[in-house]
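These notes are about the structure you will find just below.
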Amino acid sequence: MTFLPILPEHSRGPVGLSCVMFAGLLFAAPCLAHGVSDRDTLFLLANEGPAIGPYAYLGAKHMVTGIDHLLFLAGVIFFLYRLKDVAVYVTLFALGHSATLLTGVLAGIHFNPYLVDAIIGLSVAYKAFENMGGFKALGLNPNTRAAVAIFGLCHGFGLATKLQSVSLSPDGLVANILSFNVGVELGQLVALAAMLIVFTFWRRSGRFASQAFAANWLLLTAGFVLMGYQLTGYLLA
């Protein structure tokens with residue numbers, strides 16, 4: 001993986017831009033809290049028995065509309081140029097969130113949703129800071145693959161808390177949760193494909209190197225805003 005040196009000469013621009021990003025995310029934060037919609041909640045409450053198609057759809061929908069999951073995924077692949085490396089890291093992330101999604105719901109493991117989502121916001125900031133070369137500047141060398149896998153576990157609990165907010169029928173629960181997880185993975189593949197296309201054109205444009213630091217600065221800001229919003233919700237709950 002390639003990392004940018006922290007605080008290059010062109011970092012002044014990103015600072016101002018990040019302030020605008022911070023303000024925008026602050027006002028948009030309630031919209032970014034991607035819980036289960038009222039319509040989907042009514043379906044989940046009324047459903048009894050296996051509903052493989054609808055649950056797969058809900059899983060895919062949750063992934064492609066989950067801004068925190070997408071921002072983390074973008075940070076993970078930001079400096080991955082080979083599809084082999086992309087596959088390795090995305091697989092680690094998928095295994096992590098699949099494991100905790102399934103065990104969280106089926107085994108009834110509960111965590112505070114605000115704190116889980118705060119950690120997910122932190123994961124976005126962590127990855128952006130790593131991409132900016134922040135850990136190297138501090139003389140640290142964290143295991144990138146381990147970090148992705150661990151944060152994948154946290155993202156899985158974030159998915160689980162959304163389903164746990166609704167009283168799901170035990171009839172067909174295993175099939176439904178497995179279907180939801182398959183949908184999450186399909187949604188992730190769709191989002192990943194779109195990201196790879198964007199990154200490919202961006203890198204070929206010749207502007208990637210000069211804009212990469214600014215982009216990760218914005219990712220860092222977004223991660224802290226998402227984390228702050230969730231912590232505020234926890235303290236006020």
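Naming works like this for the structure tokens: A, B, ... for the chains as they're shown, residue 1 at the start of each chain, ligands 1 onward in shown order.
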Excluding Val148 (chain A) and any residue of its chain fewer than 3 positions from it, enumerate the residues within 10 Å of it, using only C-alpha atoms, and give them as a PyMOL selection string.
-> chain A and resi 72-73+76+89-94+96+123+127+143-145+151-154
May I ask for the distance between CA of Val184 (chain A) and CA of Met63 (chain A), given in Å to one decimal place?
-> 5.6 Å
Looking at A:Leu231, A:Ala160, A:Val174, A:Val182, which one is nearest to Ile109 (chain A), with distances taken over only C-alpha atoms?
-> A:Ala160
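CA of Ala147 (chain A) lies 17.5 Å from CA of Phe224 (chain A).
Shortest separation to Gly187 (chain A) among A:Ala146, A:Leu219, A:Leu83, A:Ala60 occurs at residue A:Ala60, atoms counted being only C-alpha atoms.
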Straight-line distance linking CA of Tyr55 (chain A) with CA of Ala191 (chain A), stated in Å to one decimal = 18.3 Å
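Residue nearest Val64 (chain A) within the list A:Ala175, A:Leu189, A:Ile52, A:Ala46: A:Leu189 [criterion: smallest interatomic distance, only C-alpha atoms].
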Identify all residues of chain A in alpha helix (DSSP H) (DSSP on the backbone) and supply them as a ChimeraX atom specification.
-> /A:12-32,38-46,52-65,67-77,83-106,113-131,134-137,144-164,173-204,208-236
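Closest approach to Glu130 (chain A) among A:Gly59, A:Ser37, A:Leu196, A:Pro142 is made by A:Pro142 (distances from only C-alpha atoms).
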Best match for closeness to Tyr114 (chain A) among A:Asn176, A:Leu58, A:Lys162, A:Val88, counting only C-alpha atoms |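 Selected residue with least distance to Tyr114 (chain A): A:Lys162.
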Could you give me, as a list in words, the residues within 12 Å of Leu235 (chain A), counting only C-alpha atoms and dropping anything in the same chain fewer than 2 positions from it?
-> Asn112, Tyr114, Leu115, Ala118, Gly228, Tyr229, Gln230, Leu231, Thr232, Gly233 and Ala237 of chain A
Output file for the residues above (N, CA, C and O atoms, as a PDB file, in the first residue's frame):
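Contents of result_33.pdb, as written:
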```pdb
ATOM      1  N   ASN A 112     -24.977  -1.168  22.860  1.00  0.00           N
ATOM      2  CA  ASN A 112     -25.636   0.119  22.671  1.00  0.00           C
ATOM      3  C   ASN A 112     -25.424   0.591  21.235  1.00  0.00           C
ATOM      4  O   ASN A 112     -24.279   0.733  20.792  1.00  0.00           O
ATOM      5  N   TYR A 114     -25.735   3.469  19.777  1.00  0.00           N
ATOM      6  CA  TYR A 114     -25.006   4.733  19.641  1.00  0.00           C
ATOM      7  C   TYR A 114     -23.502   4.515  19.739  1.00  0.00           C
ATOM      8  O   TYR A 114     -22.717   5.068  18.958  1.00  0.00           O
ATOM      9  N   LEU A 115     -23.081   3.688  20.707  1.00  0.00           N
ATOM     10  CA  LEU A 115     -21.649   3.448  20.895  1.00  0.00           C
ATOM     11  C   LEU A 115     -21.078   2.638  19.737  1.00  0.00           C
ATOM     12  O   LEU A 115     -19.954   2.894  19.279  1.00  0.00           O
ATOM     13  N   ALA A 118     -20.710   4.934  16.896  1.00  0.00           N
ATOM     14  CA  ALA A 118     -19.603   5.856  17.154  1.00  0.00           C
ATOM     15  C   ALA A 118     -18.277   5.206  16.779  1.00  0.00           C
ATOM     16  O   ALA A 118     -17.389   5.848  16.199  1.00  0.00           O
ATOM     17  N   GLY A 228     -19.041  11.933  16.537  1.00  0.00           N
ATOM     18  CA  GLY A 228     -19.546  12.935  17.464  1.00  0.00           C
ATOM     19  C   GLY A 228     -21.060  12.947  17.536  1.00  0.00           C
ATOM     20  O   GLY A 228     -21.645  13.105  18.619  1.00  0.00           O
ATOM     21  N   TYR A 229     -21.703  12.754  16.395  1.00  0.00           N
ATOM     22  CA  TYR A 229     -23.167  12.727  16.364  1.00  0.00           C
ATOM     23  C   TYR A 229     -23.702  11.565  17.193  1.00  0.00           C
ATOM     24  O   TYR A 229     -24.654  11.713  17.964  1.00  0.00           O
ATOM     25  N   GLN A 230     -23.081  10.392  17.047  1.00  0.00           N
ATOM     26  CA  GLN A 230     -23.534   9.212  17.784  1.00  0.00           C
ATOM     27  C   GLN A 230     -23.256   9.339  19.285  1.00  0.00           C
ATOM     28  O   GLN A 230     -24.079   8.952  20.113  1.00  0.00           O
ATOM     29  N   LEU A 231     -22.104   9.911  19.647  1.00  0.00           N
ATOM     30  CA  LEU A 231     -21.796  10.094  21.059  1.00  0.00           C
ATOM     31  C   LEU A 231     -22.743  11.096  21.706  1.00  0.00           C
ATOM     32  O   LEU A 231     -23.140  10.938  22.867  1.00  0.00           O
ATOM     33  N   THR A 232     -23.122  12.107  20.937  1.00  0.00           N
ATOM     34  CA  THR A 232     -24.099  13.074  21.440  1.00  0.00           C
ATOM     35  C   THR A 232     -25.431  12.385  21.699  1.00  0.00           C
ATOM     36  O   THR A 232     -26.096  12.623  22.725  1.00  0.00           O
ATOM     37  N   GLY A 233     -25.842  11.513  20.765  1.00  0.00           N
ATOM     38  CA  GLY A 233     -27.072  10.762  20.944  1.00  0.00           C
ATOM     39  C   GLY A 233     -27.011   9.882  22.167  1.00  0.00           C
ATOM     40  O   GLY A 233     -27.998   9.750  22.912  1.00  0.00           O
ATOM     41  N   ALA A 237     -29.457  10.370  25.356  1.00  0.00           N
ATOM     42  CA  ALA A 237     -30.509   9.331  25.383  1.00  0.00           C
ATOM     43  C   ALA A 237     -31.024   9.095  26.799  1.00  0.00           C
ATOM     44  O   ALA A 237     -30.288   9.214  27.771  1.00  0.00           O
TER      45      ALA A 237
END
```
May I ask which of the residues A:Ala193, A:Leu95, A:Ile77, A:Leu44 is the closest one to Asn181 (chain A), counting only C-alpha atoms?
->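 Distance minimum relative to Asn181 (chain A) lands on A:Leu95.
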